[in-house]
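Asks: Input structure: data.tsv, which contains TSV, C-alpha atoms.
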chain	number	residue	atom	x	y	z
A	7	MET	CA	1.68	20.62	17.46
A	8	THR	CA	2.34	23.42	15.00
A	9	VAL	CA	2.70	26.89	16.50
A	10	ARG	CA	1.48	29.56	14.10
A	11	ASP	CA	1.72	33.33	13.92
A	12	LYS	CA	-1.21	35.68	13.32
A	13	GLY	CA	-0.86	35.24	9.57
A	14	GLY	CA	-1.16	31.48	9.94
A	15	ALA	CA	2.49	30.75	9.11
A	16	ALA	CA	4.12	27.91	11.02
A	17	VAL	CA	6.79	29.22	13.38
A	18	ALA	CA	7.59	26.12	15.45
A	19	GLU	CA	6.84	22.44	15.98
A	20	PHE	CA	6.46	21.58	19.66
A	21	GLY	CA	5.40	18.59	21.68
A	22	ILE	CA	1.74	18.84	22.62
A	23	SER	CA	0.46	19.14	26.19
A	24	HIS	CA	-3.02	18.67	27.56
A	25	TYR	CA	-2.36	20.86	30.58
A	26	VAL	CA	-2.16	24.58	31.21
A	27	ALA	CA	-0.74	26.66	34.02
A	28	ASN	CA	-3.02	28.90	36.05
A	29	ASN	CA	-2.60	32.63	35.54
A	30	GLY	CA	-5.42	33.46	37.96
A	31	GLN	CA	-8.72	35.22	37.62
A	32	ASP	CA	-7.68	37.97	35.22
A	33	GLU	CA	-5.57	37.41	32.12
A	34	CYS	CA	-2.15	39.07	32.09
A	35	TRP	CA	-1.85	38.75	28.33
A	36	ALA	CA	-4.90	40.92	27.75
A	37	TYR	CA	-3.16	44.17	28.64
A	38	ASP	CA	-1.95	46.40	25.91
A	39	VAL	CA	1.66	46.69	27.01
A	40	ARG	CA	4.81	45.71	25.18
A	41	ASP	CA	6.51	44.01	28.14
A	42	GLN	CA	4.12	41.88	30.15
A	43	SER	CA	6.75	40.73	32.62
A	44	GLY	CA	5.68	43.44	35.06
A	45	ILE	CA	2.07	42.24	35.15
A	46	LYS	CA	1.61	39.84	38.02
A	47	GLY	CA	-1.22	37.33	37.83
A	48	THR	CA	-3.45	36.47	40.74
A	49	GLY	CA	-2.52	32.88	39.98
A	50	PRO	CA	0.94	31.38	40.41
A	51	PHE	CA	2.08	31.54	36.77
A	52	PHE	CA	2.71	34.64	34.69
A	53	ARG	CA	5.53	35.98	32.55
A	54	ASN	CA	8.88	35.43	34.29
A	55	SER	CA	7.03	34.37	37.44
A	56	ARG	CA	9.11	33.10	40.35
A	57	THR	CA	6.29	32.33	42.75
A	58	THR	CA	7.36	31.06	46.15
A	59	ALA	CA	5.22	29.05	48.57
A	60	ALA	CA	5.13	32.10	50.83
A	61	ALA	CA	3.53	34.13	48.05
A	62	VAL	CA	0.57	31.75	47.94
A	63	THR	CA	-1.11	33.37	50.91
A	64	ASP	CA	-4.48	31.71	50.24
A	65	GLY	CA	-2.72	28.40	50.94
A	66	LEU	CA	-1.16	25.84	48.61
A	67	SER	CA	-4.08	23.44	49.07
A	68	ASN	CA	-6.50	26.25	48.18
A	69	THR	CA	-4.82	27.29	44.93
A	70	ALA	CA	-5.00	25.73	41.48
A	71	PHE	CA	-1.64	25.49	39.74
A	72	VAL	CA	-2.32	23.37	36.65
A	73	GLY	CA	-5.43	22.12	34.89
A	74	GLU	CA	-6.55	20.34	31.78
A	75	HIS	CA	-6.98	21.85	28.35
A	76	THR	CA	-7.62	19.67	25.35
A	77	SER	CA	-9.82	19.50	22.26
A	78	VAL	CA	-10.53	23.23	22.00
A	79	SER	CA	-6.94	24.18	21.13
A	80	ASP	CA	-3.41	22.76	21.27
A	81	LYS	CA	-1.09	23.61	24.15
A	82	THR	CA	2.55	22.92	24.93
A	83	TRP	CA	4.95	22.94	27.86
A	84	VAL	CA	7.88	24.01	25.67
A	85	GLY	CA	7.19	27.71	26.04
A	86	VAL	CA	5.61	30.81	24.58
A	87	VAL	CA	6.66	31.93	21.11
A	88	PRO	CA	6.46	35.73	20.78
A	89	GLY	CA	4.05	36.74	18.04
A	90	ALA	CA	2.29	33.39	17.99
A	91	GLU	CA	-1.45	33.01	18.21
A	92	VAL	CA	-3.58	30.22	19.65
A	93	CYS	CA	-6.70	29.39	17.65
A	94	PRO	CA	-9.51	26.88	18.15
A	95	ASN	CA	-8.91	23.53	16.46
A	96	ASN	CA	-12.50	23.22	15.30
A	97	PRO	CA	-14.24	26.59	14.92
A	98	ALA	CA	-17.45	24.92	13.77
A	99	GLN	CA	-17.66	23.09	17.10
A	100	TYR	CA	-17.05	26.15	19.27
A	101	PRO	CA	-18.76	29.17	17.70
A	102	PHE	CA	-17.34	32.62	18.44
A	103	THR	CA	-14.21	31.21	20.02
A	104	ALA	CA	-11.62	33.71	18.93
A	105	CYS	CA	-7.89	33.20	18.62
A	106	ASP	CA	-5.90	34.43	21.60
A	107	ALA	CA	-2.43	35.63	22.52
A	108	ALA	CA	0.75	33.55	22.50
A	109	ALA	CA	0.73	33.34	26.29
A	110	THR	CA	-2.22	30.98	26.07
A	111	LEU	CA	0.09	28.34	24.63
A	112	VAL	CA	0.88	27.59	28.27
A	113	LEU	CA	-1.45	29.68	30.44
A	114	CYS	CA	-5.15	29.85	31.28
A	115	HIS	CA	-7.37	31.97	33.48
A	116	SER	CA	-10.74	31.49	35.17
A	117	GLY	CA	-12.30	34.94	35.48
A	118	PRO	CA	-13.62	37.30	36.52
A	119	ALA	CA	-11.37	39.25	34.14
A	120	ALA	CA	-11.21	43.01	33.82
A	121	ALA	CA	-13.00	42.82	30.47
A	122	GLU	CA	-15.63	40.33	31.67
A	123	PRO	CA	-16.72	41.44	35.13
A	124	GLY	CA	-18.87	38.92	36.93
A	125	VAL	CA	-18.08	36.07	34.54
A	126	VAL	CA	-16.31	32.96	35.84
A	127	HIS	CA	-15.33	30.07	33.59
A	128	PRO	CA	-15.54	26.66	35.27
A	129	PRO	CA	-13.53	23.76	33.82
A	130	SER	CA	-15.07	22.37	30.64
A	131	PHE	CA	-17.87	24.89	30.24
A	132	PRO	CA	-19.48	24.12	26.84
A	133	THR	CA	-18.62	27.48	25.27
A	134	CYS	CA	-15.04	27.53	26.47
A	135	HIS	CA	-12.40	29.84	24.99
A	136	VAL	CA	-8.86	28.78	24.18
A	137	CYS	CA	-7.70	30.57	27.35
A	138	GLN	CA	-9.68	28.45	29.82
A	139	MET	CA	-9.51	24.91	31.20
A	140	TYR	CA	-11.38	22.42	29.05
A	141	ALA	CA	-11.66	18.66	28.80
A	142	PRO	CA	-14.33	16.63	27.00
A	143	TRP	CA	-16.01	15.56	30.22
A	144	PRO	CA	-18.00	17.51	32.82
A	145	GLY	CA	-15.14	19.01	34.79
A	146	GLY	CA	-11.39	18.79	34.93
A	147	ASN	CA	-8.51	17.42	36.95
A	148	VAL	CA	-6.72	20.22	38.74
A	149	LEU	CA	-3.28	20.09	40.33
A	150	LEU	CA	-3.24	22.17	43.50
A	151	GLY	CA	-0.19	23.84	44.99
A	152	ASP	CA	0.22	21.16	47.65
A	153	GLY	CA	0.73	18.52	44.95
A	154	SER	CA	-2.70	16.96	45.26
A	155	VAL	CA	-5.02	16.49	42.29
A	156	ARG	CA	-8.75	17.13	42.61
A	157	PHE	CA	-11.50	16.70	40.05
A	158	VAL	CA	-13.43	19.95	39.83
A	159	SER	CA	-16.88	19.61	38.32
A	160	THR	CA	-18.18	22.00	35.67
A	161	SER	CA	-21.07	22.66	38.04
A	162	VAL	CA	-18.74	23.83	40.83
A	163	ASN	CA	-19.89	26.98	42.62
A	164	LEU	CA	-18.23	29.71	40.60
A	165	ASN	CA	-17.22	31.76	43.64
A	166	THR	CA	-15.39	28.66	44.86
A	167	TRP	CA	-13.71	28.19	41.50
A	168	ALA	CA	-12.65	31.83	41.32
A	169	ALA	CA	-11.23	31.51	44.84
A	170	LEU	CA	-9.30	28.37	43.86
A	171	SER	CA	-7.88	30.23	40.90
A	172	SER	CA	-6.38	33.04	42.93
A	173	MET	CA	-3.39	32.58	45.22
A	174	ASN	CA	-3.41	35.79	47.20
A	175	LEU	CA	-6.81	37.49	47.28
A	176	GLY	CA	-7.86	36.09	50.64
A	177	ASP	CA	-10.85	34.36	49.05
A	178	LEU	CA	-10.80	30.83	50.43
A	179	PRO	CA	-12.75	28.24	48.46
A	180	GLY	CA	-14.43	26.28	51.24
A	181	GLY	CA	-15.78	22.82	50.41
A	182	TYR	CA	-16.21	21.63	46.84
B	21	MET	CA	-25.69	-27.96	-2.39
B	22	ALA	CA	-27.02	-26.75	0.99
B	23	THR	CA	-28.48	-29.38	3.26
B	24	ASN	CA	-30.97	-29.05	6.11
B	25	ARG	CA	-28.04	-29.57	8.47
B	26	ASP	CA	-26.19	-26.52	7.01
B	27	ALA	CA	-29.31	-24.39	7.46
B	28	ASP	CA	-29.60	-25.50	11.10
B	29	ASP	CA	-25.91	-24.63	11.66
B	30	ASP	CA	-26.50	-21.08	10.36
B	31	ALA	CA	-29.53	-20.43	12.56
B	32	PRO	CA	-27.59	-19.39	15.73
B	33	ASP	CA	-25.53	-16.93	13.66
B	34	ARG	CA	-28.69	-15.38	12.22
B	35	ARG	CA	-30.23	-15.08	15.67
B	36	ARG	CA	-27.05	-13.43	17.01
B	37	LEU	CA	-27.05	-10.98	14.09
B	38	PHE	CA	-30.74	-10.26	14.65
B	39	TRP	CA	-30.16	-9.49	18.33
B	40	MET	CA	-27.07	-7.36	17.65
B	41	LEU	CA	-28.93	-5.28	15.09
B	42	GLY	CA	-31.86	-4.92	17.46
B	43	ILE	CA	-29.71	-3.79	20.39
B	44	GLY	CA	-27.68	-1.46	18.15
B	45	GLY	CA	-30.85	0.12	16.80
B	46	ALA	CA	-32.28	0.55	20.28
B	47	LEU	CA	-29.10	2.36	21.36
B	48	LEU	CA	-29.02	4.58	18.28
B	49	VAL	CA	-32.54	5.94	18.74
B	50	PRO	CA	-31.88	7.78	22.05
B	51	LEU	CA	-28.49	8.99	20.78
B	52	ALA	CA	-30.14	10.43	17.69
B	53	VAL	CA	-32.78	12.10	19.83
B	54	VAL	CA	-30.12	13.72	22.03
B	55	TRP	CA	-27.89	14.90	19.19
B	56	TRP	CA	-30.48	15.81	16.59
B	57	PRO	CA	-30.28	19.59	16.05
B	58	GLY	CA	-34.06	19.89	16.26
B	59	CYS	CA	-33.83	18.89	19.92
B	60	ARG	CA	-31.94	22.04	20.77
B	61	GLN	CA	-34.06	24.25	22.98
B	62	TYR	CA	-32.15	27.47	22.34
B	63	PRO	CA	-31.11	29.26	19.17
B	64	ALA	CA	-27.55	29.76	18.05
B	65	VAL	CA	-26.25	33.07	19.34
B	66	SER	CA	-25.67	35.70	16.70
B	67	SER	CA	-22.79	37.67	18.20
B	68	ARG	CA	-19.77	37.36	20.46
B	69	GLU	CA	-21.47	39.75	22.85
B	70	SER	CA	-24.47	37.44	23.15
B	71	LEU	CA	-22.18	34.51	23.91
B	72	ALA	CA	-20.47	36.58	26.61
B	73	LEU	CA	-23.88	37.45	28.05
B	74	MET	CA	-24.72	33.75	28.23
B	75	ARG	CA	-21.66	33.17	30.39
B	76	LEU	CA	-22.65	36.08	32.64
B	77	VAL	CA	-26.17	34.70	33.03
B	78	TYR	CA	-24.75	31.27	33.92
B	79	SER	CA	-22.36	32.85	36.44
B	80	ALA	CA	-25.24	34.79	38.02
B	81	CYS	CA	-27.50	31.74	38.30
B	82	ASN	CA	-24.75	29.40	39.52
B	83	THR	CA	-23.80	31.79	42.32
B	84	LYS	CA	-27.42	32.88	43.01
B	85	ASP	CA	-26.19	36.44	42.80
B	86	PRO	CA	-28.90	39.11	42.30
B	87	ALA	CA	-26.26	41.77	41.51
B	88	ARG	CA	-24.80	39.68	38.67
B	89	LEU	CA	-28.32	38.93	37.46
B	90	ALA	CA	-29.17	42.64	37.38
B	91	GLN	CA	-25.91	43.23	35.48
B	92	ALA	CA	-26.99	40.56	32.96
B	93	GLU	CA	-30.43	42.12	32.60
B	94	ARG	CA	-28.91	45.55	31.89
B	95	ARG	CA	-26.52	44.02	29.37
B	96	LEU	CA	-29.36	42.21	27.61
B	97	ALA	CA	-31.28	45.48	27.24
B	98	GLU	CA	-28.14	47.13	25.86
B	99	LEU	CA	-27.50	44.36	23.32
B	100	ASP	CA	-31.16	44.44	22.32
B	101	ARG	CA	-30.90	48.18	21.61
B	102	GLN	CA	-27.73	47.56	19.59
B	103	GLY	CA	-29.37	44.75	17.60
B	104	LYS	CA	-26.83	42.21	18.83
B	105	VAL	CA	-29.38	39.65	19.99
B	106	THR	CA	-32.15	38.24	17.85
B	107	PRO	CA	-35.72	38.15	19.22
B	108	GLU	CA	-35.32	34.37	19.73
B	109	GLU	CA	-32.12	34.83	21.73
B	110	LYS	CA	-33.70	37.61	23.79
B	111	ALA	CA	-36.71	35.43	24.54
B	112	GLY	CA	-34.37	32.68	25.76
B	113	PHE	CA	-32.43	35.06	28.00
B	114	ASP	CA	-35.66	36.63	29.28
B	115	ARG	CA	-37.05	33.22	30.27
B	116	ILE	CA	-33.90	32.29	32.18
B	117	ILE	CA	-33.60	35.66	33.92
B	118	GLY	CA	-37.30	35.53	34.81
B	119	THR	CA	-36.87	32.07	36.30
B	120	ALA	CA	-33.95	33.27	38.43
B	121	LYS	CA	-35.83	36.37	39.54
B	122	ALA	CA	-38.66	34.10	40.67
B	123	GLY	CA	-36.15	32.48	43.02
B	124	LYS	CA	-35.80	29.27	40.99
B	125	TRP	CA	-32.04	29.61	40.79
B	126	GLU	CA	-31.29	25.92	40.17
B	127	ASP	CA	-33.78	25.77	37.29
B	128	ALA	CA	-32.29	28.94	35.83
B	129	GLU	CA	-28.77	27.53	36.21
B	130	LYS	CA	-29.76	24.35	34.37
B	131	ALA	CA	-31.48	26.36	31.64
B	132	SER	CA	-28.50	28.66	31.12
B	133	PHE	CA	-26.17	25.66	30.97
B	134	LYS	CA	-28.43	24.11	28.34
B	135	PHE	CA	-28.32	27.39	26.40
B	136	ALA	CA	-24.52	27.08	26.35
B	137	GLN	CA	-24.60	23.39	25.44
B	138	ASP	CA	-26.89	24.14	22.54
B	139	GLN	CA	-24.22	26.36	21.01
B	140	VAL	CA	-21.78	23.49	20.55
B	141	GLY	CA	-21.58	22.32	16.98
B	142	GLN	CA	-23.61	25.24	15.64
B	143	GLY	CA	-21.05	26.06	12.97
B	144	ASP	CA	-18.31	28.62	12.48
B	145	ALA	CA	-20.16	31.88	13.05
B	146	ASP	CA	-17.25	34.17	13.84
B	147	PRO	CA	-16.69	36.71	11.05
B	148	ASP	CA	-13.25	37.69	12.25
B	149	ARG	CA	-11.61	35.07	14.39
B	150	HIS	CA	-8.17	36.61	14.05
B	151	ALA	CA	-9.22	40.06	15.18
B	152	ASP	CA	-8.02	41.02	18.59
B	153	HIS	CA	-9.61	38.85	21.22
B	154	ASP	CA	-12.52	40.56	22.99
B	155	HIS	CA	-10.41	40.84	26.07
B	156	HIS	CA	-7.56	42.71	24.42
B	157	LYS	CA	-8.93	46.12	25.07
B	158	HIS	CA	-7.65	46.99	28.50
B	159	PRO	CA	-5.37	49.87	29.21
B	160	PRO	CA	-2.23	48.84	31.09
B	161	PRO	CA	-3.00	47.81	34.67
B	162	LYS	CA	-2.12	50.01	37.60
B	163	LYS	CA	1.38	49.52	38.92
B	164	GLY	CA	1.65	46.68	41.40
B	165	LYS	CA	-1.35	44.79	40.05
What does the file become when written as structure tokens?
Replies:
Amino acid sequence: MTVRDKGGAAVAEFGISHYVANNGQDECWAYDVRDQSGIKGTGPFFRNSRTTAAAVTDGLSNTAFVGEHTSVSDKTWVGVVPGAEVCPNNPAQYPFTACDAAATLVLCHSGPAAAEPGVVHPPSFPTCHVCQMYAPWPGGNVLLGDGSVRFVSTSVNLNTWAALSSMNLGDLPGGY
Amino acid sequence: MATNRDADDDAPDRRRLFWMLGIGGALLVPLAVVWWPGCRQYPAVSSRESLALMRLVYSACNTKDPARLAQAERRLAELDRQGKVTPEEKAGFDRIIGTAKAGKWEDAEKASFKFAQDQVGQGDADPDRHADHDHHKHPPPKKGK
């Protein structure tokens, strides 16, 4: 995949990934600060994160670590390139899907976010952004902290999905 | 020169072709019905804000949450005042919200999902895709967040 900056210039060629790491409900990259390393996500992955099992107080089997993202935009496991931007591959297919920050080369979130109170994004919702899990089928495979993989349907209860996306809010997902 | 025997030999091939075309045609008709733009029930949204509202309405209906639904209703009125939803969009949102308020949460959830599905493939409507993402407007979080 070609990583591009905000002007559209190519800044790197990386191997493509179809998976993203879970930043939690909110999106750390959305805050207007120069150094985002001090912003902890409610999910296990954020800038310079060193999340231990003990930090996942909701339980490893109750916390999403990695999920699918394909079609909407290209991702990578190589890393985040400062100044890069992630844009939809096919804007005509996904109207109003804006480009997003470099962090979304590797990270995703589920909501509710500070800027979108009440809104939760299940895997593969039709009007997905580049910062959410998406696969071209009705749901997505999700790697939980205990190493198991579960298929989470797009029609999952959104309170359950938000609970799965956080590692330390005390919101347990229950059955799904 | 073709003989009667040659014509008889070709007959099975013609029958196979006939059946393949028939089955292919029968499969194409329902696919065309599903994908044909005229079969969309909901209009294309006209603003980013309207798309965000759609996600809020879906979240409210999926979780059967009256507070989220009330939030969506307030937001719809706000966007209507600002001219950020067309009358067709507003009618669609009103129908879904009304269905949920009548206690038919599952029907409202299905309808709001269909509203979202109907946006796919509607064309590149974003006037400024490279502007700051909608979300990039927060002040720094409180320490320890």
Asks: Give me, as a ChimeraX atom specification, all polymer residues having an atom no more than 7 Å from range 85-96 of chain B, counting all atoms listed in the file and skipping those fewer than 5 positions away in the same chain.
Replies: /A:124 /B:73,76-77,80
Asks: Those same residues, written as an mmCIF file, in the frame of the given file with C-alpha atoms?
Replies:
data_model
loop_
_atom_site.group_PDB
_atom_site.id
_atom_site.type_symbol
_atom_site.label_atom_id
_atom_site.label_comp_id
_atom_site.auth_asym_id
_atom_site.auth_seq_id
_atom_site.Cartn_x
_atom_site.Cartn_y
_atom_site.Cartn_z
ATOM 1 C CA GLY A 124 -18.870 38.920 36.930
ATOM 2 C CA LEU B 73 -23.880 37.450 28.050
ATOM 3 C CA LEU B 76 -22.650 36.080 32.640
ATOM 4 C CA VAL B 77 -26.170 34.700 33.030
ATOM 5 C CA ALA B 80 -25.240 34.790 38.020
#
Asks: Please compute the CA of Pro94 in chain A-CA of Cys134 in chain A distance, one decimal, in Å.
Replies: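 Taking CA of Pro94 in chain A as the start and CA of Cys134 in chain A as the end point, the length is 10.0 Å.
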Asks: Compute the chain A side of the contact with chain B at 9 Å, counting all atoms listed in the file, and hand it back as a PyMOL selection string.
Replies: chain A and resi 12-13+33+35-39+44-48+91+93+96-107+119-127+131-133+161-165
Asks: Could you tell me how far CA of Glu74 in chain A lies from CA of Gly14 in chain A, in Å and to one decimal?
Replies: 25.1 Å
Asks: What is the distance, in Å and to one decimal place, between CA of Val9 in chain A and CA of Val87 in chain A?
Replies: 7.9 Å
Asks: With a distance cut-off of 6 Å and only C-alpha atoms, select the neighbouring residues of range 135-139 of chain A, excluding the residue or stretch itself and same-chain residues fewer than 3 positions from it, and output the selection as a tab-separated table (two decimals) with C-alpha atoms, keeping the file's coordinate frame.
Replies:
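What follows is the written file around.tsv:
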chain	number	residue	atom	x	y	z
A	74	GLU	CA	-6.55	20.34	31.78
A	75	HIS	CA	-6.98	21.85	28.35
A	79	SER	CA	-6.94	24.18	21.13
A	103	THR	CA	-14.21	31.21	20.02
A	110	THR	CA	-2.22	30.98	26.07
A	114	CYS	CA	-5.15	29.85	31.28
A	115	HIS	CA	-7.37	31.97	33.48
A	129	PRO	CA	-13.53	23.76	33.82
Asks: Of the candidates B:Ala46, B:Ala97, B:Pro107, B:Ser132, which shows the shortest atom-to-atom distance to Thr119 in chain B, using all atoms listed in the file?
Replies: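 Nearest candidate to Thr119 in chain B out of B:Ala46, B:Ala97, B:Pro107, B:Ser132: B:Ser132.
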Asks: For a quick check of understanding, using only C-alpha atoms, which of A:Pro118, A:Gly49, A:Gly151, A:Pro128 has the smallest distance to Asn68 in chain A?
Replies: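 Among A:Pro118, A:Gly49, A:Gly151, A:Pro128, it is A:Gly151 that comes nearest to Asn68 in chain A.
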